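Each remark here refers to the structure printed beneath this line.
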Amino acid sequence: MISQIHTLFSRLEMPRSHRISAALLGAMALAGSIGAVEARAASLSVDTFDVPTVPDFQFVESTGSGSDFEEAGAFAGSDVLGGFRDLNISILNSAPPFASASGTVFDGRLDWSNDNNVISELTVAWDGNDGSAAVNATGLGGIDLTQGGLLDRFGLQLLAADSPGLTVAFTVYTAENLFSTLTRTFDSAINAPQQEFFEFANFTGNADFTNVGAVTLSLTGPAAMDASIALLDVTEPPNSVPEPSAIFGLAVLGGAIALRRR
Ligand SMILES: [Ca+2]
Ligand SMILES: [Ca+2]
Ligand SMILES: [Ca+2]
């Protein structure tokens with residue numbers, strides 16, 4: 001491959017000393033592009049639910065027919081997309097006034113809990129530092145969820161759902177009137193941890209996944225449901241193998257750019 005690069009630059013009719021350094025630069029660019037390809041195995045975290053760390057927690061609880069909201073942050077590092085997590089819970093049915101529904105982030109997971117006869121909706125929003133239960137559709141400032149086209153789906157690690165009928169709904173916003181949604185209902189209880197993927201291509205709507213201002217995940221289900229989630233990230237197609245031609249193209253591009261700067 002390096003000899004191919006060398007040949008390419010030879011055709012540019014450069015002085016011999018430049019040709020040698022061009023080959024060197026090409027090799028360096030090649031090494032760099034291999035590093036970038038390896039980085040593809042990494043995913044973009046939306047939320048590990050690992051922060052705040054024990055003994056701290058984030059908790060919302062609704063009783064009667066009310067709702068409750070809390071924003072947690074600012075979290076440093078890459079655990080939480082945008083550094084802030086909004087939790088918002090609303091009871092949807094006419095539950096007894098003493099009955100409650102809650103959402104908790106504690107010890108690395110998100111727990112959603114409903115008392116007997118309670119039907120609720122728990123929404124997690126990653127929309128930056130807005131301090132509001134409303135979704136700030138541009139709060140993340142335009143994140144590229146695809147990371148330059150490498151990533152193409154959400155990966156959700158479900159720990160448990162104690163009855164059939166858990167429904168998860170994603171909304172991805174580019175702006176208030178530019179959004180896409182994808183909803184999935186699980187027909188069975190989830191008794192062992194399982195990984196679920198939600199491909200961007202299967203979303204309905206007009207969001208630009210390379211320019212994302214907010215992401216929300218809503219949980220709904222039958223009365224008295226309890227469910228837990230361990231992690232949400234954005235990941236690459238399964239078993240994706242980098243194209244050798246793509247590596248070569250990057251190497252040539254890297255060499256050419258380096259040459260132009262000389
Ligand atoms: Ca976790
Ligand atoms: Ca927020
Ligand atoms: Ca918000």
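Ordered as shown in the structure tokens, chains take letters A, B, and onward, while each chain numbers its residues from 1 and ligands are numbered from 1 in the order shown.
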
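All residues, whether protein, DNA or RNA, that have an atom at most 9 Å from ligand 1 (counting only C-alpha atoms and all ligand atoms) are Asp47, Thr48, Phe49, Asp50, Val51, Phe106, Asp107, Gly108, Arg109, Leu110, Gln157, Ile229, Ala230, Leu231 and Leu232 of chain A.
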
### Task
Show me which residues sit within 10 Å of ligand 3 when counting only C-alpha atoms and all ligand atoms, and put them as a PyMOL selection string.
chain A and resi 69-71+84-88+124-137+139+214+216

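With only C-alpha atoms and all ligand atoms as the basis for measurement, A:Gly83 is the residue among A:Gly64, A:Gly142, A:Gly83, A:Pro55 that approaches ligand 2 most closely.
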
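Residue nearest ligand 2, chosen from A:Ser43, A:Thr138, A:Thr171, A:Ser94 and counting only C-alpha atoms and all ligand atoms: A:Thr138.
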
### Query
With only C-alpha atoms and all ligand atoms as the atoms that count, which of A:Ala192, A:Ala227, A:Val215, A:Val46 lies nearest to ligand 2?
A:Val215

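Remark: for A:Gly82, the closest of the candidate residues A:Thr53, A:Ser65, A:Asn211, A:Ser45 is A:Ser45 (distances computed over only C-alpha atoms).
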
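Each of A:Leu44, A:Leu140, A:Val168, A:Ile91 was checked against ligand 2 using only C-alpha atoms and all ligand atoms; the smallest atom-to-atom distance is that of A:Leu140.
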
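The closest residue to A:Trp112, picked from A:Phe186, A:Phe98, A:Phe59, A:Phe198 and counting only C-alpha atoms, is A:Phe59.
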
### Task
as number ranges by chain, list the residues of stretch 90-261 of chain A assigned to strand (DSSP E or B) by DSSP on the backbone atoms of this structure.
A: 90-91, 100-106, 109-114, 120-126, 143, 153-161, 166-175, 178-186, 190, 194-199, 204-205, 212, 214-220, 227-235

### Task
Would you list, as a VMD selection string, the residues of stretch 3-239 of chain A that end up in helix (DSSP H, G or I) under DSSP run on this structure's backbone?
chain A and resid 3 to 10 16 to 39 81 to 83 200 to 202

### Message
So that I can check the surroundings of A:Gly148, please list as a VMD selection string every protein, DNA and RNA residue that reaches within 12 Å of it, counting only C-alpha atoms and ignoring chain neighbours fewer than 3 positions away.
### Response
chain A and resid 36 40 44 143 to 145 151 to 152 209 to 211 236

### Message
Report as a PyMOL selection string all protein, DNA and RNA residues lying within 6 Å of A:Leu122, evaluated on only C-alpha atoms, omitting residues in the same chain fewer than 2 positions from it.
### Response
chain A and resi 88-89+218-219
